[in-house]
Amino acid sequence: MTDWLKDIREAAGRMDDADERLADICPVVLESGAIRKAGAFLQDQDYRRVIVTADKNTFAAAGEQLMESITEAGVNASVTFISPDEQGDVIADERSIVQLLLDVKSSKADAVVALGSGTLHDVSRFAAYSAGIPFVSVPTAPSVDGFNSKGAPLIIRGEKITIQSIGPAAIFADLDILTAAPRTMVAAGFGDMLGKCTSLFDWTFGSLTADEPYSEIVAEITTKALQQCVDHIDAIADRTPEGIRVLTQALIESGFAMLLFGQSHPASGAEHHLSHYWEMAFLREGRRAVLHGAKVGVACAEISQLYHRLDAENSLPVAEEQLERVRAELAKVPSPDTLRAWLRKVGGPASIQELDIDPELLKRSLAEADQIRPNRHTLLRAVNDQRRT
């Protein structure tokens, strides 16, 4: 067991219901050549037939290596290539889920292997959950923190909803494959991690002002993972093996933090609500999709700008007895200029203009995005609740 995964297990052991939480921590192989160990794992688990979920890009990146590992282990495997939509994007919607479920049923698969990044994992985890079988994660790019999540963000009738399903039975993260991922995908992963700058604040805010559940242990795991990315930004920007290892480890740690807490509070706040709002707007307008992490990174900067402006104007919607603590927590959130500089450093978009989001959509999203998760007590929700009353 690697030291960092041992640390996660020790943290889980300090929490209530430790046995249950430890059960959520699946085996992770994060190293060069990790994909070659996938077949042996499937064989050890006595899976006789598996379906590999991929698209043309992810299969080109790692499909042959994965299929070779599986077949050499004596496991039967077939591939489901998820069909793109009219815009050419592979999305986690009803059509993708039904396509995979039909193949799972017809092949009588024992497990699903997700070969790809966020969208293919979401389709795979929900289809596997619906079929009552496990899924195995084989990331092809360090682009999201949802590889080991139980939540599946899906597009259902044009609306973004997250459905609780299952986490992976194991993760095989091959550094050779991940290091070769496109720069845009690496930047998206960094952007997803950067979103923790505001999600961690929103989580604390909800705990202080609305008595939302909170865990110091989980917050510490997420904070350390975020800081590792900031500390190694040059290596991540250069896509060195060490930089990609740090980023991938941080993404997986963030996923484990959500698993341990049982909800996405540590890694998803107002910045994710903006991202989801923009995604649904693009779908309604028939526009090409933007990488999740790219949206989250830009949204994080916009939320930081809003929150710091409210503080500077002494207009935070907070009771007097809570104001000092909230302001102290907000002081930990980097400025929007700092966040945008970091995003540019890794080669990702840093402004709404670069995402082709017009000021009107931004204004509308800031006024309405909190309703995507109305049970979350973010500062954005508090601002909008005050405006609505």
# chains A, B, ... in the order shown; residues from 1 in each chain; ligands from 1

$ select_by_dssp --residues "segment 10-209 of chain A" --states "strand (DSSP E or B)" --output "PyMOL selection string"
chain A and resi 28-31+49-54+76-81+93+111-116+135-139+151-156+159-164+171-174

$ write_last_selection --atoms "N, CA and C atoms" --output "short mmCIF file (atom, residue, chain, number, x, y, z; two decimals), in the first residue's frame"
data_model
loop_
_atom_site.label_atom_id
_atom_site.label_comp_id
_atom_site.auth_asym_id
_atom_site.auth_seq_id
_atom_site.Cartn_x
_atom_site.Cartn_y
_atom_site.Cartn_z
N VAL A 28 -6.09 1.12 -5.25
CA VAL A 28 -5.66 2.07 -6.28
C VAL A 28 -4.24 1.72 -6.71
N VAL A 29 -4.05 1.56 -8.00
CA VAL A 29 -2.71 1.38 -8.56
C VAL A 29 -2.40 2.63 -9.37
N LEU A 30 -1.51 3.46 -8.85
CA LEU A 30 -1.11 4.71 -9.50
C LEU A 30 0.38 4.63 -9.79
N GLU A 31 0.72 4.21 -11.00
CA GLU A 31 2.12 4.01 -11.36
C GLU A 31 2.23 3.80 -12.86
N ARG A 49 -16.89 -12.18 -17.76
CA ARG A 49 -17.17 -11.32 -18.91
C ARG A 49 -17.23 -9.88 -18.43
N VAL A 50 -16.58 -9.01 -19.14
CA VAL A 50 -16.63 -7.57 -18.80
C VAL A 50 -16.92 -6.77 -20.06
N ILE A 51 -17.49 -5.61 -19.84
CA ILE A 51 -17.69 -4.65 -20.92
C ILE A 51 -16.79 -3.46 -20.65
N VAL A 52 -16.01 -3.06 -21.62
CA VAL A 52 -15.18 -1.87 -21.54
C VAL A 52 -15.96 -0.72 -22.16
N THR A 53 -16.19 0.33 -21.39
CA THR A 53 -16.87 1.53 -21.88
C THR A 53 -15.83 2.53 -22.35
N ALA A 54 -15.95 2.98 -23.60
CA ALA A 54 -14.94 3.87 -24.17
C ALA A 54 -15.58 4.77 -25.21
N ASN A 76 -13.17 -12.71 -20.80
CA ASN A 76 -13.81 -12.28 -22.04
C ASN A 76 -14.18 -10.81 -21.94
N ALA A 77 -13.91 -10.05 -23.00
CA ALA A 77 -14.18 -8.62 -22.97
C ALA A 77 -14.76 -8.16 -24.30
N SER A 78 -15.72 -7.27 -24.21
CA SER A 78 -16.24 -6.58 -25.39
C SER A 78 -16.19 -5.08 -25.11
N VAL A 79 -16.33 -4.28 -26.15
CA VAL A 79 -16.22 -2.83 -26.01
C VAL A 79 -17.52 -2.17 -26.44
N THR A 80 -18.01 -1.27 -25.61
CA THR A 80 -19.14 -0.41 -25.98
C THR A 80 -18.59 0.99 -26.22
N PHE A 81 -18.67 1.43 -27.47
CA PHE A 81 -18.27 2.80 -27.80
C PHE A 81 -19.50 3.69 -27.65
N ASP A 93 -26.03 11.09 -20.68
CA ASP A 93 -27.47 11.30 -20.71
C ASP A 93 -28.21 9.97 -20.84
N ALA A 111 -19.05 -7.29 -14.97
CA ALA A 111 -18.51 -6.00 -14.52
C ALA A 111 -18.36 -5.07 -15.72
N VAL A 112 -18.31 -3.78 -15.42
CA VAL A 112 -18.05 -2.75 -16.42
C VAL A 112 -16.70 -2.13 -16.12
N VAL A 113 -15.90 -1.90 -17.15
CA VAL A 113 -14.61 -1.23 -17.00
C VAL A 113 -14.70 0.11 -17.70
N ALA A 114 -14.60 1.19 -16.93
CA ALA A 114 -14.67 2.53 -17.50
C ALA A 114 -13.29 2.95 -17.99
N LEU A 115 -13.15 3.13 -19.30
CA LEU A 115 -11.89 3.56 -19.89
C LEU A 115 -12.08 4.98 -20.40
N GLY A 116 -11.65 5.95 -19.62
CA GLY A 116 -11.85 7.33 -20.05
C GLY A 116 -11.73 8.30 -18.90
N PHE A 135 -18.09 -1.85 -11.14
CA PHE A 135 -17.32 -1.27 -12.24
C PHE A 135 -15.90 -0.99 -11.77
N VAL A 136 -14.99 -0.99 -12.73
CA VAL A 136 -13.57 -0.75 -12.48
C VAL A 136 -13.15 0.49 -13.24
N SER A 137 -12.34 1.32 -12.61
CA SER A 137 -11.93 2.60 -13.18
C SER A 137 -10.54 2.50 -13.81
N VAL A 138 -10.46 2.90 -15.09
CA VAL A 138 -9.17 3.03 -15.79
C VAL A 138 -9.14 4.42 -16.41
N PRO A 139 -8.66 5.42 -15.68
CA PRO A 139 -8.63 6.80 -16.21
C PRO A 139 -7.64 6.94 -17.36
N GLY A 151 -21.31 9.37 -6.66
CA GLY A 151 -22.31 10.18 -7.34
C GLY A 151 -22.10 10.18 -8.84
N ALA A 152 -23.19 10.06 -9.59
CA ALA A 152 -23.12 10.10 -11.05
C ALA A 152 -23.88 11.34 -11.53
N PRO A 153 -23.15 12.41 -11.92
CA PRO A 153 -23.82 13.58 -12.48
C PRO A 153 -24.32 13.25 -13.89
N LEU A 154 -25.63 13.28 -14.07
CA LEU A 154 -26.24 12.87 -15.33
C LEU A 154 -27.09 14.00 -15.89
N ILE A 155 -27.26 13.99 -17.21
CA ILE A 155 -28.17 14.91 -17.87
C ILE A 155 -29.46 14.13 -18.16
N ILE A 156 -30.52 14.46 -17.45
CA ILE A 156 -31.81 13.79 -17.61
C ILE A 156 -32.84 14.83 -18.06
N GLU A 159 -31.66 18.37 -17.84
CA GLU A 159 -31.31 18.93 -16.54
C GLU A 159 -30.19 18.12 -15.91
N LYS A 160 -29.26 18.81 -15.23
CA LYS A 160 -28.13 18.15 -14.58
C LYS A 160 -28.55 17.73 -13.18
N ILE A 161 -28.51 16.43 -12.93
CA ILE A 161 -28.81 15.92 -11.60
C ILE A 161 -27.74 14.89 -11.21
N THR A 162 -27.47 14.79 -9.93
CA THR A 162 -26.50 13.81 -9.44
C THR A 162 -27.24 12.70 -8.72
N ILE A 163 -27.00 11.47 -9.17
CA ILE A 163 -27.67 10.30 -8.60
C ILE A 163 -26.64 9.44 -7.89
N GLN A 164 -26.91 9.08 -6.65
CA GLN A 164 -26.00 8.23 -5.90
C GLN A 164 -26.04 6.82 -6.47
N ILE A 171 -9.10 1.08 -8.99
CA ILE A 171 -8.65 2.10 -9.94
C ILE A 171 -7.27 1.72 -10.44
N PHE A 172 -7.09 1.74 -11.75
CA PHE A 172 -5.79 1.49 -12.37
C PHE A 172 -5.41 2.74 -13.16
N ALA A 173 -4.62 3.61 -12.52
CA ALA A 173 -4.24 4.90 -13.09
C ALA A 173 -2.80 4.80 -13.60
N ASP A 174 -2.66 4.66 -14.89
CA ASP A 174 -1.35 4.44 -15.52
C ASP A 174 -0.69 5.78 -15.84
#

$ select_by_dssp --residues "segment 9-126 of chain A" --states "alpha helix (DSSP H)" --output "PyMOL selection string"
chain A and resi 9-13+18-23+38-44+56-72+94-107+118-126

$ residues_around --residues "segment 208-224 of chain A" --least-positions-apart "2" --cutoff "8 Å" --atoms "only C-alpha atoms" --output "number ranges by chain"
A: 8, 11, 15, 196, 200, 203-206, 226-228, 253-254, 257-258, 260-261, 266-267, 318, 322, 326, 377

$ write_last_selection --atoms "N, CA, C and O atoms" --output "short mmCIF file (atom, residue, chain, number, x, y, z; two decimals), in the first residue's frame"
data_model
loop_
_atom_site.label_atom_id
_atom_site.label_comp_id
_atom_site.auth_asym_id
_atom_site.auth_seq_id
_atom_site.Cartn_x
_atom_site.Cartn_y
_atom_site.Cartn_z
N ILE A 8 -5.03 7.98 3.90
CA ILE A 8 -6.47 8.06 3.73
C ILE A 8 -7.16 7.04 4.63
O ILE A 8 -8.16 7.34 5.30
N ALA A 11 -7.07 8.16 8.19
CA ALA A 11 -8.05 9.23 8.43
C ALA A 11 -9.45 8.65 8.57
O ALA A 11 -10.22 9.03 9.46
N MET A 15 -12.74 8.28 12.01
CA MET A 15 -14.09 8.80 11.89
C MET A 15 -15.10 7.85 12.49
O MET A 15 -14.83 6.67 12.71
N LYS A 196 -11.76 23.68 -5.28
CA LYS A 196 -11.82 23.43 -3.83
C LYS A 196 -11.55 24.71 -3.03
O LYS A 196 -11.89 24.80 -1.85
N LEU A 200 -14.46 24.58 -0.32
CA LEU A 200 -14.13 24.42 1.10
C LEU A 200 -14.67 25.59 1.92
O LEU A 200 -15.14 25.40 3.05
N TRP A 203 -18.45 25.16 2.20
CA TRP A 203 -18.77 24.09 3.15
C TRP A 203 -18.70 24.62 4.58
O TRP A 203 -19.60 24.39 5.40
N THR A 204 -17.64 25.36 4.88
CA THR A 204 -17.51 25.96 6.21
C THR A 204 -18.64 26.95 6.46
O THR A 204 -19.22 26.99 7.56
N PHE A 205 -18.97 27.74 5.44
CA PHE A 205 -20.05 28.73 5.56
C PHE A 205 -21.37 28.03 5.89
O PHE A 205 -22.11 28.47 6.79
N GLY A 206 -21.66 26.94 5.18
CA GLY A 206 -22.89 26.22 5.45
C GLY A 206 -22.93 25.64 6.85
O GLY A 206 -23.98 25.59 7.50
N LEU A 226 -5.43 19.91 -2.43
CA LEU A 226 -5.42 21.17 -3.18
C LEU A 226 -4.05 21.83 -3.09
O LEU A 226 -3.49 22.29 -4.10
N GLN A 227 -3.49 21.89 -1.89
CA GLN A 227 -2.20 22.56 -1.71
C GLN A 227 -1.09 21.86 -2.48
O GLN A 227 -0.18 22.51 -3.02
N GLN A 228 -1.14 20.54 -2.57
CA GLN A 228 -0.14 19.81 -3.34
C GLN A 228 -0.16 20.25 -4.80
O GLN A 228 0.90 20.39 -5.43
N GLU A 253 -7.63 11.62 -4.14
CA GLU A 253 -7.82 11.95 -2.71
C GLU A 253 -9.10 12.76 -2.52
O GLU A 253 -9.84 12.54 -1.55
N SER A 254 -9.35 13.70 -3.43
CA SER A 254 -10.59 14.48 -3.34
C SER A 254 -11.80 13.57 -3.47
O SER A 254 -12.80 13.74 -2.75
N ALA A 257 -12.25 11.80 -0.25
CA ALA A 257 -12.80 12.71 0.76
C ALA A 257 -14.32 12.76 0.67
O ALA A 257 -15.02 12.72 1.69
N MET A 258 -14.83 12.83 -0.56
CA MET A 258 -16.29 12.82 -0.74
C MET A 258 -16.90 11.50 -0.29
O MET A 258 -17.96 11.47 0.34
N LEU A 260 -15.71 9.45 2.00
CA LEU A 260 -15.65 9.36 3.46
C LEU A 260 -16.72 10.22 4.12
O LEU A 260 -17.32 9.84 5.13
N PHE A 261 -16.97 11.40 3.53
CA PHE A 261 -17.97 12.28 4.11
C PHE A 261 -19.39 11.82 3.77
O PHE A 261 -20.33 12.08 4.51
N PRO A 266 -17.21 18.72 0.36
CA PRO A 266 -15.80 19.14 0.38
C PRO A 266 -15.29 19.64 -0.97
O PRO A 266 -14.40 20.47 -1.02
N ALA A 267 -15.87 19.12 -2.06
CA ALA A 267 -15.31 19.38 -3.39
C ALA A 267 -16.26 20.10 -4.33
O ALA A 267 -15.91 20.33 -5.49
N VAL A 318 -24.56 37.90 6.63
CA VAL A 318 -24.18 37.04 7.74
C VAL A 318 -24.53 37.74 9.05
O VAL A 318 -24.35 38.95 9.18
N GLN A 322 -21.50 35.79 13.63
CA GLN A 322 -20.77 34.87 12.76
C GLN A 322 -19.81 35.57 11.81
O GLN A 322 -18.98 34.93 11.16
N VAL A 326 -16.61 34.06 9.49
CA VAL A 326 -16.82 33.94 8.05
C VAL A 326 -15.76 34.74 7.29
O VAL A 326 -15.20 34.27 6.29
N HIS A 377 -26.17 25.18 1.49
CA HIS A 377 -26.19 26.54 2.03
C HIS A 377 -24.86 27.23 1.74
O HIS A 377 -24.04 27.47 2.63
#

$ residues_around --residues "Arg36 of chain A" --least-positions-apart "6" --cutoff "9 Å" --atoms "only C-alpha atoms" --output "list in words"
Gln65, Leu66, Glu68, Ser69, Ile70, Phe172 and Asp174 of chain A

$ write_last_selection --atoms "N, CA, C and O atoms" --output "PDB file, in the first residue's frame"
ATOM      1  N   GLN A  65      -3.941  -1.644 -24.984  1.00  0.00           N
ATOM      2  CA  GLN A  65      -3.233  -2.122 -23.796  1.00  0.00           C
ATOM      3  C   GLN A  65      -4.188  -2.768 -22.803  1.00  0.00           C
ATOM      4  O   GLN A  65      -3.884  -3.809 -22.209  1.00  0.00           O
ATOM      5  N   LEU A  66      -5.348  -2.141 -22.625  1.00  0.00           N
ATOM      6  CA  LEU A  66      -6.316  -2.679 -21.673  1.00  0.00           C
ATOM      7  C   LEU A  66      -6.860  -4.018 -22.157  1.00  0.00           C
ATOM      8  O   LEU A  66      -6.928  -4.990 -21.380  1.00  0.00           O
ATOM      9  N   GLU A  68      -5.516  -6.145 -24.136  1.00  0.00           N
ATOM     10  CA  GLU A  68      -4.462  -7.157 -24.058  1.00  0.00           C
ATOM     11  C   GLU A  68      -4.318  -7.676 -22.636  1.00  0.00           C
ATOM     12  O   GLU A  68      -4.196  -8.885 -22.413  1.00  0.00           O
ATOM     13  N   SER A  69      -4.356  -6.777 -21.667  1.00  0.00           N
ATOM     14  CA  SER A  69      -4.249  -7.183 -20.264  1.00  0.00           C
ATOM     15  C   SER A  69      -5.415  -8.076 -19.870  1.00  0.00           C
ATOM     16  O   SER A  69      -5.225  -9.084 -19.169  1.00  0.00           O
ATOM     17  N   ILE A  70      -6.611  -7.740 -20.329  1.00  0.00           N
ATOM     18  CA  ILE A  70      -7.800  -8.505 -19.954  1.00  0.00           C
ATOM     19  C   ILE A  70      -7.790  -9.887 -20.614  1.00  0.00           C
ATOM     20  O   ILE A  70      -8.041 -10.908 -19.950  1.00  0.00           O
ATOM     21  N   PHE A 172      -7.093   1.737 -11.752  1.00  0.00           N
ATOM     22  CA  PHE A 172      -5.786   1.491 -12.365  1.00  0.00           C
ATOM     23  C   PHE A 172      -5.411   2.741 -13.156  1.00  0.00           C
ATOM     24  O   PHE A 172      -5.846   2.931 -14.292  1.00  0.00           O
ATOM     25  N   ASP A 174      -2.655   4.660 -14.893  1.00  0.00           N
ATOM     26  CA  ASP A 174      -1.347   4.436 -15.517  1.00  0.00           C
ATOM     27  C   ASP A 174      -0.689   5.780 -15.842  1.00  0.00           C
ATOM     28  O   ASP A 174      -1.192   6.533 -16.672  1.00  0.00           O
TER      29      ASP A 174
END

$ residues_around --residues "segment 288-293 of chain A" --least-positions-apart "2" --cutoff "10 Å" --atoms "only C-alpha atoms" --output "PyMOL selection string"
chain A and resi 85-91+118-119+143-145+184-195+272+275-276+278-280+282-283+285-286+295-299+348-349+355-356

$ atom_distance --atom1 "atom CA of Ser130 of chain A" --atom2 "atom CA of Ala92 of chain A"
14.4 Å

$ atom_distance --atom1 "atom CA of Ala169 of chain A" --atom2 "atom CA of Arg245 of chain A"
20.9 Å

$ closest_residue --among "A:Val333, A:Leu102, A:Ala350, A:Ala270" --to "Ile372 of chain A" --atoms "only C-alpha atoms"
A:Ala270

$ atom_distance --atom1 "atom CA of Val123 of chain A" --atom2 "atom CA of Ile82 of chain A"
9.0 Å

$ decode --residues "segment 103-140 of chain A" --atoms "N, CA and C atoms" --output "PDB file, in the first residue's frame"
ATOM      1  N   ASP A 103     -26.170  -3.274 -23.762  1.00  0.00           N
ATOM      2  CA  ASP A 103     -25.011  -4.123 -24.035  1.00  0.00           C
ATOM      3  C   ASP A 103     -24.654  -4.982 -22.819  1.00  0.00           C
ATOM      4  N   VAL A 104     -24.782  -4.410 -21.629  1.00  0.00           N
ATOM      5  CA  VAL A 104     -24.519  -5.183 -20.407  1.00  0.00           C
ATOM      6  C   VAL A 104     -25.480  -6.367 -20.323  1.00  0.00           C
ATOM      7  N   LYS A 105     -26.754  -6.114 -20.619  1.00  0.00           N
ATOM      8  CA  LYS A 105     -27.758  -7.175 -20.537  1.00  0.00           C
ATOM      9  C   LYS A 105     -27.511  -8.253 -21.596  1.00  0.00           C
ATOM     10  N   SER A 106     -27.246  -7.831 -22.827  1.00  0.00           N
ATOM     11  CA  SER A 106     -27.092  -8.812 -23.904  1.00  0.00           C
ATOM     12  C   SER A 106     -25.834  -9.654 -23.748  1.00  0.00           C
ATOM     13  N   SER A 107     -24.782  -9.064 -23.166  1.00  0.00           N
ATOM     14  CA  SER A 107     -23.527  -9.802 -22.999  1.00  0.00           C
ATOM     15  C   SER A 107     -23.457 -10.552 -21.682  1.00  0.00           C
ATOM     16  N   LYS A 108     -24.428 -10.295 -20.780  1.00  0.00           N
ATOM     17  CA  LYS A 108     -24.436 -10.890 -19.436  1.00  0.00           C
ATOM     18  C   LYS A 108     -23.109 -10.611 -18.722  1.00  0.00           C
ATOM     19  N   ALA A 109     -22.675  -9.358 -18.778  1.00  0.00           N
ATOM     20  CA  ALA A 109     -21.394  -8.963 -18.205  1.00  0.00           C
ATOM     21  C   ALA A 109     -21.414  -9.057 -16.684  1.00  0.00           C
ATOM     22  N   ASP A 110     -20.257  -9.418 -16.137  1.00  0.00           N
ATOM     23  CA  ASP A 110     -20.078  -9.471 -14.682  1.00  0.00           C
ATOM     24  C   ASP A 110     -19.609  -8.135 -14.123  1.00  0.00           C
ATOM     25  N   ALA A 111     -19.048  -7.288 -14.971  1.00  0.00           N
ATOM     26  CA  ALA A 111     -18.512  -6.002 -14.518  1.00  0.00           C
ATOM     27  C   ALA A 111     -18.360  -5.074 -15.715  1.00  0.00           C
ATOM     28  N   VAL A 112     -18.309  -3.784 -15.417  1.00  0.00           N
ATOM     29  CA  VAL A 112     -18.051  -2.750 -16.424  1.00  0.00           C
ATOM     30  C   VAL A 112     -16.697  -2.131 -16.119  1.00  0.00           C
ATOM     31  N   VAL A 113     -15.898  -1.904 -17.150  1.00  0.00           N
ATOM     32  CA  VAL A 113     -14.606  -1.232 -17.003  1.00  0.00           C
ATOM     33  C   VAL A 113     -14.699   0.115 -17.703  1.00  0.00           C
ATOM     34  N   ALA A 114     -14.595   1.187 -16.931  1.00  0.00           N
ATOM     35  CA  ALA A 114     -14.668   2.534 -17.496  1.00  0.00           C
ATOM     36  C   ALA A 114     -13.291   2.954 -17.986  1.00  0.00           C
ATOM     37  N   LEU A 115     -13.150   3.131 -19.296  1.00  0.00           N
ATOM     38  CA  LEU A 115     -11.890   3.563 -19.891  1.00  0.00           C
ATOM     39  C   LEU A 115     -12.077   4.981 -20.398  1.00  0.00           C
ATOM     40  N   GLY A 116     -11.649   5.955 -19.620  1.00  0.00           N
ATOM     41  CA  GLY A 116     -11.848   7.333 -20.048  1.00  0.00           C
ATOM     42  C   GLY A 116     -11.726   8.304 -18.902  1.00  0.00           C
ATOM     43  N   SER A 117     -12.419   9.429 -19.040  1.00  0.00           N
ATOM     44  CA  SER A 117     -12.394  10.427 -17.975  1.00  0.00           C
ATOM     45  C   SER A 117     -13.779  10.548 -17.350  1.00  0.00           C
ATOM     46  N   GLY A 118     -14.228  11.749 -17.038  1.00  0.00           N
ATOM     47  CA  GLY A 118     -15.403  11.906 -16.203  1.00  0.00           C
ATOM     48  C   GLY A 118     -16.704  11.377 -16.775  1.00  0.00           C
ATOM     49  N   THR A 119     -17.020  11.752 -17.998  1.00  0.00           N
ATOM     50  CA  THR A 119     -18.307  11.376 -18.580  1.00  0.00           C
ATOM     51  C   THR A 119     -18.453   9.862 -18.695  1.00  0.00           C
ATOM     52  N   LEU A 120     -17.439   9.189 -19.209  1.00  0.00           N
ATOM     53  CA  LEU A 120     -17.520   7.733 -19.364  1.00  0.00           C
ATOM     54  C   LEU A 120     -17.592   7.037 -18.009  1.00  0.00           C
ATOM     55  N   HIS A 121     -16.962   7.604 -17.005  1.00  0.00           N
ATOM     56  CA  HIS A 121     -17.089   7.035 -15.652  1.00  0.00           C
ATOM     57  C   HIS A 121     -18.522   7.196 -15.138  1.00  0.00           C
ATOM     58  N   ASP A 122     -19.139   8.348 -15.387  1.00  0.00           N
ATOM     59  CA  ASP A 122     -20.501   8.571 -14.906  1.00  0.00           C
ATOM     60  C   ASP A 122     -21.483   7.611 -15.576  1.00  0.00           C
ATOM     61  N   VAL A 123     -21.333   7.422 -16.888  1.00  0.00           N
ATOM     62  CA  VAL A 123     -22.188   6.476 -17.603  1.00  0.00           C
ATOM     63  C   VAL A 123     -21.960   5.063 -17.074  1.00  0.00           C
ATOM     64  N   SER A 124     -20.699   4.705 -16.884  1.00  0.00           N
ATOM     65  CA  SER A 124     -20.358   3.341 -16.441  1.00  0.00           C
ATOM     66  C   SER A 124     -20.848   3.067 -15.032  1.00  0.00           C
ATOM     67  N   ARG A 125     -20.627   4.011 -14.108  1.00  0.00           N
ATOM     68  CA  ARG A 125     -20.995   3.759 -12.708  1.00  0.00           C
ATOM     69  C   ARG A 125     -22.514   3.617 -12.571  1.00  0.00           C
ATOM     70  N   PHE A 126     -23.264   4.461 -13.291  1.00  0.00           N
ATOM     71  CA  PHE A 126     -24.715   4.372 -13.142  1.00  0.00           C
ATOM     72  C   PHE A 126     -25.273   3.132 -13.834  1.00  0.00           C
ATOM     73  N   ALA A 127     -24.747   2.793 -15.008  1.00  0.00           N
ATOM     74  CA  ALA A 127     -25.207   1.582 -15.692  1.00  0.00           C
ATOM     75  C   ALA A 127     -24.875   0.336 -14.868  1.00  0.00           C
ATOM     76  N   ALA A 128     -23.661   0.296 -14.314  1.00  0.00           N
ATOM     77  CA  ALA A 128     -23.267  -0.849 -13.484  1.00  0.00           C
ATOM     78  C   ALA A 128     -24.151  -0.937 -12.239  1.00  0.00           C
ATOM     79  N   TYR A 129     -24.395   0.192 -11.618  1.00  0.00           N
ATOM     80  CA  TYR A 129     -25.275   0.239 -10.441  1.00  0.00           C
ATOM     81  C   TYR A 129     -26.677  -0.262 -10.797  1.00  0.00           C
ATOM     82  N   SER A 130     -27.198   0.185 -11.930  1.00  0.00           N
ATOM     83  CA  SER A 130     -28.539  -0.218 -12.349  1.00  0.00           C
ATOM     84  C   SER A 130     -28.606  -1.706 -12.652  1.00  0.00           C
ATOM     85  N   ALA A 131     -27.505  -2.263 -13.175  1.00  0.00           N
ATOM     86  CA  ALA A 131     -27.462  -3.680 -13.509  1.00  0.00           C
ATOM     87  C   ALA A 131     -27.083  -4.555 -12.317  1.00  0.00           C
ATOM     88  N   GLY A 132     -26.697  -3.928 -11.216  1.00  0.00           N
ATOM     89  CA  GLY A 132     -26.325  -4.681 -10.024  1.00  0.00           C
ATOM     90  C   GLY A 132     -24.973  -5.365 -10.123  1.00  0.00           C
ATOM     91  N   ILE A 133     -24.057  -4.748 -10.892  1.00  0.00           N
ATOM     92  CA  ILE A 133     -22.710  -5.304 -11.036  1.00  0.00           C
ATOM     93  C   ILE A 133     -21.686  -4.212 -10.720  1.00  0.00           C
ATOM     94  N   PRO A 134     -20.429  -4.584 -10.436  1.00  0.00           N
ATOM     95  CA  PRO A 134     -19.403  -3.584 -10.111  1.00  0.00           C
ATOM     96  C   PRO A 134     -18.827  -2.928 -11.366  1.00  0.00           C
ATOM     97  N   PHE A 135     -18.087  -1.847 -11.138  1.00  0.00           N
ATOM     98  CA  PHE A 135     -17.323  -1.267 -12.236  1.00  0.00           C
ATOM     99  C   PHE A 135     -15.900  -0.986 -11.772  1.00  0.00           C
ATOM    100  N   VAL A 136     -14.992  -0.992 -12.731  1.00  0.00           N
ATOM    101  CA  VAL A 136     -13.570  -0.755 -12.476  1.00  0.00           C
ATOM    102  C   VAL A 136     -13.150   0.491 -13.239  1.00  0.00           C
ATOM    103  N   SER A 137     -12.344   1.319 -12.608  1.00  0.00           N
ATOM    104  CA  SER A 137     -11.927   2.599 -13.180  1.00  0.00           C
ATOM    105  C   SER A 137     -10.542   2.499 -13.813  1.00  0.00           C
ATOM    106  N   VAL A 138     -10.455   2.902 -15.092  1.00  0.00           N
ATOM    107  CA  VAL A 138      -9.169   3.027 -15.786  1.00  0.00           C
ATOM    108  C   VAL A 138      -9.135   4.425 -16.410  1.00  0.00           C
ATOM    109  N   PRO A 139      -8.660   5.422 -15.677  1.00  0.00           N
ATOM    110  CA  PRO A 139      -8.634   6.796 -16.208  1.00  0.00           C
ATOM    111  C   PRO A 139      -7.640   6.940 -17.357  1.00  0.00           C
ATOM    112  N   THR A 140      -8.006   7.756 -18.339  1.00  0.00           N
ATOM    113  CA  THR A 140      -7.089   8.050 -19.441  1.00  0.00           C
ATOM    114  C   THR A 140      -6.581   9.483 -19.409  1.00  0.00           C
TER     115      THR A 140
END
